[in-house]
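First the structure, in the form of structure tokens, and then the observations on it.
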2 protein chains.
Amino acid sequence: MLTDDIIRPDQEIQAPPFGEGFPPKTIALVGVSRTDHLQHPGYTGLRLLRILRDGGYEGRIYPVNPKADYIDGIKAYPEVSAIPERVDLVNITVPSPKVPAVLDDCARAGARNVQICSSGFGETGQPEGKDLDRQIIEIARRTGLRVIGPNCMGFHVPSARMKMFEDVPLEAGPVAFLSQSGGHARVFIHHASAMGIGVSKVISHGNALLMDTPNFLEALESDPDTGIICMYLEGVRDGQRLMDMVRRINKTKPVIIWKGGLTGPGARAAASHTASLAGEKRIWEAFFKQTGAIQAGSIADLIDMAVTLDRLGPAGSKRVAVLGAGGGDTVAAGDACANAGLELPLLSPLTREQLMEFIFLVNQGIANPLDLPIVFRDVDVLRRTLRVLASDPAVDALLIRVGSEFFTIDDIFPPVADFAECILDLVRNETNGKPIMVAVTEESSLEPAEKHARALREFGVPALGSLQRASHALSRAITFQQYQREH
Amino acid sequence: MLTDDIIRPDQEIQAPPFGEGFPPKTIALVGVSRTDHLQHPGYTGLRLLRILRDGGYEGRIYPVNPKADYIDGIKAYPEVSAIPERVDLVNITVPSPKVPAVLDDCARAGARNVQICSSGFGETGQPEGKDLDRQIIEIARRTGLRVIGPNCMGFHVPSARMKMFEDVPLEAGPVAFLSQSGGHARVFIHHASAMGIGVSKVISHGNALLMDTPNFLEALESDPDTGIICMYLEGVRDGQRLMDMVRRINKTKPVIIWKGGLTGPGARAAASHTASLAGEKRIWEAFFKQTGAIQAGSIADLIDMAVTLDRLGPAGSKRVAVLGAGGGDTVAAGDACANAGLELPLLSPLTREQLMEFIFLVNQGIANPLDLPIVFRDVDVLRRTLRVLASDPAVDALLIRVGSEFFTIDDIFPPVADFAECILDLVRNETNGKPIMVAVTEESSLEPAEKHARALREFGVPALGSLQRASHALSRAITFQQYQREH
């Protein structure tokens with residue numbers, strides 16, 4: 001294991017990568033072969049070149065290959081120092097043993113930002129890989145190169161039409177994602193798009209040998225395009241620095257973290273994936289508690305939190321009234337909400353009395369969670385019920401559980417737009433600002449619930465496609481709101 | 001709250017409902033109106049009559065309505081005692097206050113099995129409802145009627161073409177479902193069908209005022225069509241009897257239970273749904289521990305367990321080797337498996353050595369979980385890897401995590417049938433019987449993973465459509481196998 005003083009070069013080198021030269025207007029790609037190796041399933045230099053070009057990247061691309069004059073019709077250069085201008089970013093894909101020589105060449109060429117895509121370093125666990133790590137650190141310290149990676153995919157920036165993978169969309173939006181896993185970065189971009197939210201920057205920093213998570217986080221903190229920061233983290237070298245930074249950033253931009261490797265087997269896989277020391281579970285528990293960072297458990301969960309925070313108004317506390325229909329489903333809703341950390345207060349006698357003025361108790365129930373099929377057959381009853389619930393002083397937020405069939409059975413139920421308008425109007429005018437979150441539920445196939453939840457979000461309603469997810473996101477969002485109020 | 005001596009009539013009355021007269025060859029439906037009430041969204045007698053008739057029910061149906069001669073072309077009778085034969089089952093749908101008089105009529109007619117669909121009893125929490133409960137108990141005790149419900153949907157029996165809902169399939173199979181929620185019963189039938197497994201009997205027993213869970217369980221124990229018993233339970237009156245029974249049945253047929261109402265809000269909803277006392281969480285924890293019953297958390301989870309138990313061979317312990325691809329995904333797999341209770345042992349030096357004979361470590365990893373993209377590009381490597389892993393004495397089972405794209409990219413990957421054959425052949429001939437479970441994974445949409453997992457199951461491979469579900473099911477299945485070996 002590398003000791004701290006070996007791996008930390010001068011602070012100057014650790015400066016955040018955004019600012020001048022970012023997003024890069026010029027990229028050199030080192031290790032671009034002339035023809036496609038059909039048998040090579042990984043990301044080759046040629047593949048990355050085509051991803052940038054076919055994605056419509058707006059800057060200039062310089063392939064580097066000593067044996068080629070042109071690659072795919074683009075002029076190639078024998079080395080980085082032969083390129084006629086100073087490039088903003090060098091992307092290296094040559095086999096790991098050749099990387100140190102390329103870094104020296106980058107330094108000679110006056111390049112500052114260098115991204116090493118190649119794998120085969122410390123993460124292999126082999127002595128050769130660890131030795132290459134030491135060489136890279138030594139070169140970076142000597143030359144001032146800012147090294148991103150190795151074993152990473154680098155940057156995806158919609159505003160610069162800079163793509164990370166062939167098949168990902170370039171949809172701009174407020175969410176940044178900083179990930180030690182390139183695979184997770186890819187899934188994140190796809191899933192965010194499917195959930196109807198775009199990205200500002202997606203950064204895959206792999207082994208994070210030199211430019212570590214705090215460096216990128218600092219850049220995202222001051223990035224005007226980024227409003228919400230999501231992270232996938234396997235390990236971090238300077239935990240205290242990360243902690244201070246997250247605590248500070250959380251006051252203005254929510255930081256949502258999926259920490260991989262919190263179990264023994266997960267940590268073992270993290271060591272072999274990015275040579276990360278995953279750290280003990282209890283240390284990370286303290287981290288989340290002290291920084292106010294929101295903990296997530298998957299890519300989908302990161303995005304659930306992002307879209308929820310993007311739309312949910314402030315709630316005074318976790319005391320929630322939960323409204324839905326169906327006997328067994330209401331029991332399950334009570335269990336799910338309680339397990340998610342929501343508090344379901346008993347409704348006041350006045351609230352119960354007001355509800356019983358227009359609600360009949362056979363096959364319905366006004367405990368909290370409430371089981372009221374009638375509200376999904378008559379929007380006026382829905383509105384009246386929500387108004388009564390919001391007026392209960394024990395209730396600080398409302399969660400509606402609605403089956404996706406509600407939006408699909410013509411002539412009986414209102415369309416999504418009317419339902420969304422009803423919810424938004426109530427929150428604006430009748431709930432004293434108490435927020436209303438919606439869980440769209442579906443019995444077997446998930447697609448209709450996802451579709452309608454997304455449609456509701458497009459109208460501005462915080463909504464997710466299952467009760468489990470909605471209750472879990474609502475609970476963590478309210479915890480975060482409380483953290484922001486108190487810090 | 002009803003005390004035990006009030007609610008428990010003679011044991012004779014509590015006899016299981018199957019046997020002579022079950023499935024019923026004759027059903028009287030009490031409370032069938034002549035025309036459809038379009039405005040009535042619930043289950044009316046007329047609706048139930050049409051469900052039976054249109055579903056192709058093979059027995060005779062007698063609608064009971066004092067104001068009608070024929071309903072939907074079927075001869076109607078003014079009361080049960082006017083029906084010219086003794087019926088096997090009476091199904092009551094009249095409003096709750098009229099139910100006691102109907103029960104008296106049933107007793108006069110010599111009917112034994114009576115199912116009360118109507119709601120409006122103890123579950124309303126109102127004095128009128130509780131008083132009706134007492135009247136029903138008194139009548140049952142006096143007359144010997146076996147009362148099912150109230151507030152229930154009764155029976156769904158594919159072998160008798162007896163349907164519970166309009167839209168559910170009549171697919172026969174080894175799984176029984178006993179549910180206090182009619183809604184959950186409906187979802188179960190649909191979901192089992194979607195998962196490719198049929199049902200023997202689905203029973204919705206609602207408030208379980210007299211015929212309680214143990215009665216039905218006893219019937220399912222001796223039912224030759226039932227191999228696996230799933231249950232949704234809100235409360236039970238005689239916990240000791242249930243415990244003794246489940247402990248005994250588990251030796252031959254797995255009992256999988258979703259217990260609703262384990263939290264405060266869930267328990268409150270259960271009281272208002274089926275007037276059940278949900279019981280404390282720690283009592284139920286002890287129940288699961290002592291009976292060996294498998295705990296589930298949703299309908300989907302019950303069925304995941306049923307299909308897994310239906311196909312998984314015996315594993316010596318929870319020490320599992322987990323094989324998949326992708327750096328971040330492998331970390332997530334390690335965490336998910338550990339959180340599911342699986343143990344991922346370190347592989348022996350010999351195993352690692354044997355793997356390194358044909359596996360290159362750049363972008364791959366042979367910690368456990370293993371990150372080996374190569375096995376999904378070459379079936380011979382997959383087979384060789386599984387063989388090596390199975391020969392490790394520290395490993396008692398194998399879990400493969402495979403992306404659904406593996407089955408869809410033509411010319412590169414083998415079709416499902418070949419993959420299934422490879423797995424089955426290995427288990428038969430090369431793993432010393434160590435079972436192999438498959439998790440088919442999919443990044444965003446779930447449908448392809450579900451589809452391929454189902455296809456694998458149809459070939460006999462235990463497979464589920466996500467790693468989370470597969471690891472959780474595998475862990476509980478092995479715990480259950482251990483319980484069966486030790487008891």
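Residues are referred to by chain and number: the chain letter is A, B, ... according to the order shown in the structure tokens, the number counts from 1 in that chain, and ligands are numbered separately from 1 in the order shown.
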
Interface rows for stretch 229-347 of chain B against stretch 351-367 of chain B: nearest pair, Å to one decimal, 9 Å, only C-alpha atoms, as CSV:
```
residue,atom,partner,partner_atom,distance
B:Ala325,CA,B:Gln364,CA,7.9
B:Gly326,CA,B:Gln364,CA,8.0
B:Gly327,CA,B:Asn363,CA,7.7
B:Leu346,CA,B:Ala367,CA,7.1
B:Leu347,CA,B:Thr351,CA,6.1
```

Selection to disk with N, CA and C atoms, as a PDB file, in the first residue's frame:
```
ATOM      1  N   ALA B 325     -19.222  -9.733 -14.465  1.00  0.00           N
ATOM      2  CA  ALA B 325     -18.313  -8.854 -15.207  1.00  0.00           C
ATOM      3  C   ALA B 325     -18.605  -7.403 -14.893  1.00  0.00           C
ATOM      4  N   GLY B 326     -17.565  -6.573 -15.018  1.00  0.00           N
ATOM      5  CA  GLY B 326     -17.736  -5.134 -14.810  1.00  0.00           C
ATOM      6  C   GLY B 326     -17.199  -4.730 -13.457  1.00  0.00           C
ATOM      7  N   GLY B 327     -16.314  -3.721 -13.430  1.00  0.00           N
ATOM      8  CA  GLY B 327     -15.660  -3.347 -12.182  1.00  0.00           C
ATOM      9  C   GLY B 327     -16.632  -2.871 -11.119  1.00  0.00           C
ATOM     10  N   LEU B 346     -12.723 -16.471   0.465  1.00  0.00           N
ATOM     11  CA  LEU B 346     -11.521 -16.266  -0.348  1.00  0.00           C
ATOM     12  C   LEU B 346     -11.262 -17.558  -1.113  1.00  0.00           C
ATOM     13  N   LEU B 347     -10.903 -17.442  -2.361  1.00  0.00           N
ATOM     14  CA  LEU B 347     -10.604 -18.644  -3.135  1.00  0.00           C
ATOM     15  C   LEU B 347      -9.250 -19.195  -2.701  1.00  0.00           C
TER      16      LEU B 347
END
```

Next on the checklist: If we count only C-alpha atoms and set the cut-off at 12 Å, which residues sit around B:Gly56, ignoring sequence neighbours fewer than 5 positions away in its own chain? Please answer as a PyMOL selection string.
Outcome noted: chain B and resi 49-51+61+157-164+166+169-170

Task: 6 Å contacts from chain B to chain A using only C-alpha atoms, as a VMD selection string - done: chain B and resid 120 181 261 263 265 to 266 269 to 270 272 to 273 327 to 328 331 334 to 335 362 365

Exercise: B:Glu458 partners within 12 Å, only C-alpha atoms, chain neighbours under 2 positions left out, as a list of chain:residue names:
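In the requested format, the answer is B:Met195, B:Gly196, B:Ile197, B:Val307, B:Asp310, B:Arg311, B:Val416, B:Ala417, B:Ala420, B:Glu421, B:Lys451, B:His452, B:Ala453, B:Arg454, B:Ala455, B:Leu456, B:Gly460, B:Val461, B:Pro462, B:Ala463, B:Leu464.
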
For the residues selected in the previous step, produce a file with N, CA and C atoms as a PDB file, in the first residue's frame.
```
ATOM      1  N   MET B 195     -44.372 -15.035 -13.974  1.00  0.00           N
ATOM      2  CA  MET B 195     -43.091 -15.656 -13.623  1.00  0.00           C
ATOM      3  C   MET B 195     -43.026 -17.104 -14.099  1.00  0.00           C
ATOM      4  N   GLY B 196     -44.103 -17.581 -14.726  1.00  0.00           N
ATOM      5  CA  GLY B 196     -44.073 -18.907 -15.318  1.00  0.00           C
ATOM      6  C   GLY B 196     -44.329 -20.044 -14.351  1.00  0.00           C
ATOM      7  N   ILE B 197     -45.044 -19.764 -13.265  1.00  0.00           N
ATOM      8  CA  ILE B 197     -45.383 -20.850 -12.328  1.00  0.00           C
ATOM      9  C   ILE B 197     -46.885 -20.765 -12.033  1.00  0.00           C
ATOM     10  N   VAL B 307     -40.216 -19.945  -6.956  1.00  0.00           N
ATOM     11  CA  VAL B 307     -39.569 -20.470  -8.171  1.00  0.00           C
ATOM     12  C   VAL B 307     -38.141 -20.913  -7.873  1.00  0.00           C
ATOM     13  N   ASP B 310     -38.255 -24.260  -6.142  1.00  0.00           N
ATOM     14  CA  ASP B 310     -38.745 -25.245  -7.088  1.00  0.00           C
ATOM     15  C   ASP B 310     -37.606 -25.824  -7.943  1.00  0.00           C
ATOM     16  N   ARG B 311     -36.479 -25.088  -8.069  1.00  0.00           N
ATOM     17  CA  ARG B 311     -35.448 -25.512  -9.011  1.00  0.00           C
ATOM     18  C   ARG B 311     -34.061 -25.713  -8.411  1.00  0.00           C
ATOM     19  N   VAL B 416     -30.141 -18.699 -25.125  1.00  0.00           N
ATOM     20  CA  VAL B 416     -30.493 -19.130 -23.773  1.00  0.00           C
ATOM     21  C   VAL B 416     -30.391 -20.638 -23.616  1.00  0.00           C
ATOM     22  N   ALA B 417     -30.851 -21.376 -24.634  1.00  0.00           N
ATOM     23  CA  ALA B 417     -30.877 -22.834 -24.516  1.00  0.00           C
ATOM     24  C   ALA B 417     -29.467 -23.400 -24.290  1.00  0.00           C
ATOM     25  N   ALA B 420     -28.273 -22.507 -20.804  1.00  0.00           N
ATOM     26  CA  ALA B 420     -28.972 -23.343 -19.818  1.00  0.00           C
ATOM     27  C   ALA B 420     -28.395 -24.755 -19.830  1.00  0.00           C
ATOM     28  N   GLU B 421     -28.161 -25.282 -21.025  1.00  0.00           N
ATOM     29  CA  GLU B 421     -27.643 -26.652 -21.144  1.00  0.00           C
ATOM     30  C   GLU B 421     -26.257 -26.735 -20.497  1.00  0.00           C
ATOM     31  N   LYS B 451     -37.383 -11.563 -18.917  1.00  0.00           N
ATOM     32  CA  LYS B 451     -37.687 -12.494 -20.007  1.00  0.00           C
ATOM     33  C   LYS B 451     -36.653 -13.623 -20.062  1.00  0.00           C
ATOM     34  N   HIS B 452     -35.386 -13.256 -19.968  1.00  0.00           N
ATOM     35  CA  HIS B 452     -34.355 -14.288 -20.085  1.00  0.00           C
ATOM     36  C   HIS B 452     -34.264 -15.148 -18.831  1.00  0.00           C
ATOM     37  N   ALA B 453     -34.514 -14.556 -17.682  1.00  0.00           N
ATOM     38  CA  ALA B 453     -34.523 -15.353 -16.453  1.00  0.00           C
ATOM     39  C   ALA B 453     -35.643 -16.393 -16.528  1.00  0.00           C
ATOM     40  N   ARG B 454     -36.790 -15.962 -17.025  1.00  0.00           N
ATOM     41  CA  ARG B 454     -37.904 -16.905 -17.162  1.00  0.00           C
ATOM     42  C   ARG B 454     -37.564 -18.025 -18.147  1.00  0.00           C
ATOM     43  N   ALA B 455     -36.931 -17.648 -19.244  1.00  0.00           N
ATOM     44  CA  ALA B 455     -36.537 -18.665 -20.232  1.00  0.00           C
ATOM     45  C   ALA B 455     -35.574 -19.673 -19.595  1.00  0.00           C
ATOM     46  N   LEU B 456     -34.622 -19.182 -18.813  1.00  0.00           N
ATOM     47  CA  LEU B 456     -33.692 -20.095 -18.136  1.00  0.00           C
ATOM     48  C   LEU B 456     -34.437 -21.011 -17.175  1.00  0.00           C
ATOM     49  N   GLY B 460     -35.086 -25.247 -16.523  1.00  0.00           N
ATOM     50  CA  GLY B 460     -34.785 -25.909 -15.256  1.00  0.00           C
ATOM     51  C   GLY B 460     -33.701 -25.230 -14.434  1.00  0.00           C
ATOM     52  N   VAL B 461     -33.171 -24.108 -14.935  1.00  0.00           N
ATOM     53  CA  VAL B 461     -32.102 -23.407 -14.205  1.00  0.00           C
ATOM     54  C   VAL B 461     -32.741 -22.449 -13.196  1.00  0.00           C
ATOM     55  N   PRO B 462     -32.295 -22.468 -11.923  1.00  0.00           N
ATOM     56  CA  PRO B 462     -32.808 -21.460 -10.997  1.00  0.00           C
ATOM     57  C   PRO B 462     -32.256 -20.087 -11.394  1.00  0.00           C
ATOM     58  N   ALA B 463     -33.139 -19.177 -11.768  1.00  0.00           N
ATOM     59  CA  ALA B 463     -32.695 -17.877 -12.276  1.00  0.00           C
ATOM     60  C   ALA B 463     -33.708 -16.807 -11.910  1.00  0.00           C
ATOM     61  N   LEU B 464     -33.227 -15.618 -11.582  1.00  0.00           N
ATOM     62  CA  LEU B 464     -34.105 -14.473 -11.329  1.00  0.00           C
ATOM     63  C   LEU B 464     -33.550 -13.247 -12.059  1.00  0.00           C
TER      64      LEU B 464
END
```

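Nearest to B:Glu85 of all the residues B:Leu398, B:Ala28, B:Ile256, B:Leu474 is B:Ala28, counting only C-alpha atoms.
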
*Could you jot down the atom CA of A:Asn91 to atom CA of A:Pro224 separation for me, Å, one decimal place?*
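So the two atoms, atom CA of A:Asn91 and atom CA of A:Pro224, lie 25.4 Å apart.
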
Practice item. May I ask for the distance between atom CA of B:Ile294 and atom CA of B:Ser475, given in Å to one decimal place? Key: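 Atom-to-atom, atom CA of B:Ile294 to atom CA of B:Ser475, that is 10.5 Å.
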
Q) Which neighbours of stretch 428-435 of chain B fall inside 12 Å, counting only C-alpha atoms, when residues of the same chain fewer than 5 positions from it are skipped, and could you give them as a ChimeraX atom specification? A) /B:308-309,311-321,383-400,421-423,460-463,474,477-478

Using DSSP secondary structure from the backbone, list all strand (DSSP E or B) positions within stretch 133-378 of chain A, as a PyMOL selection string. chain A and resi 146-148+154-157+162+172-179+199-204+228-233+255-259+294-296+319-324+343+365+370-371

Task: Test item: residues at most 9 Å from A:Arg476, only C-alpha atoms, excluding those fewer than 4 positions along its chain, as a PyMOL selection string - done: chain A and resi 294-295+305+340-341+471-472+480-481

Give me every alpha helix (DSSP H) residue in stretch 165-205 of chain B, going by DSSP on the backbone, as a VMD selection string. chain B and resid 182 to 194

Margin query: At a cut-off of 8 Å, using only C-alpha atoms, what residues contact B:Asp105? Leave out same-chain residues fewer than 3 positions from it and give the result as a list in words.
Written below: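 The contact residues come out as Glu79, Val80, Ser81, Ala101, Val102, Arg108 and Ala109 of chain B.
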
Go ahead and dump the residues you just picked, N, CA, C and O atoms, as a short mmCIF file (atom, residue, chain, number, x, y, z; two decimals), in the first residue's frame.
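out-v1.cif, freshly written:
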```
data_model
loop_
_atom_site.label_atom_id
_atom_site.label_comp_id
_atom_site.auth_asym_id
_atom_site.auth_seq_id
_atom_site.Cartn_x
_atom_site.Cartn_y
_atom_site.Cartn_z
N GLU B 79 -84.20 -17.94 -1.29
CA GLU B 79 -83.28 -18.11 -0.17
C GLU B 79 -82.51 -19.41 -0.33
O GLU B 79 -82.87 -20.26 -1.16
N VAL B 80 -81.46 -19.58 0.47
CA VAL B 80 -80.62 -20.77 0.31
C VAL B 80 -81.44 -22.04 0.56
O VAL B 80 -81.31 -23.05 -0.13
N SER B 81 -82.35 -21.97 1.54
CA SER B 81 -83.12 -23.17 1.89
C SER B 81 -84.13 -23.55 0.82
O SER B 81 -84.72 -24.62 0.89
N ALA B 101 -78.93 -13.04 9.28
CA ALA B 101 -80.14 -13.72 8.83
C ALA B 101 -79.83 -14.73 7.73
O ALA B 101 -80.40 -15.83 7.70
N VAL B 102 -78.90 -14.38 6.84
CA VAL B 102 -78.52 -15.31 5.76
C VAL B 102 -77.85 -16.55 6.35
O VAL B 102 -78.10 -17.68 5.91
N ARG B 108 -80.34 -23.68 8.13
CA ARG B 108 -81.60 -24.39 7.84
C ARG B 108 -81.47 -25.25 6.59
O ARG B 108 -82.00 -26.33 6.51
N ALA B 109 -80.73 -24.72 5.61
CA ALA B 109 -80.59 -25.43 4.33
C ALA B 109 -79.58 -26.58 4.43
O ALA B 109 -79.38 -27.32 3.47
#
```

Checklist entry - Quick one: residues within 9 Å of B:Gln484, only C-alpha atoms counted, chain neighbours fewer than 6 positions away excluded, as an NGL selection string? => result :B and (250-252 or 292)
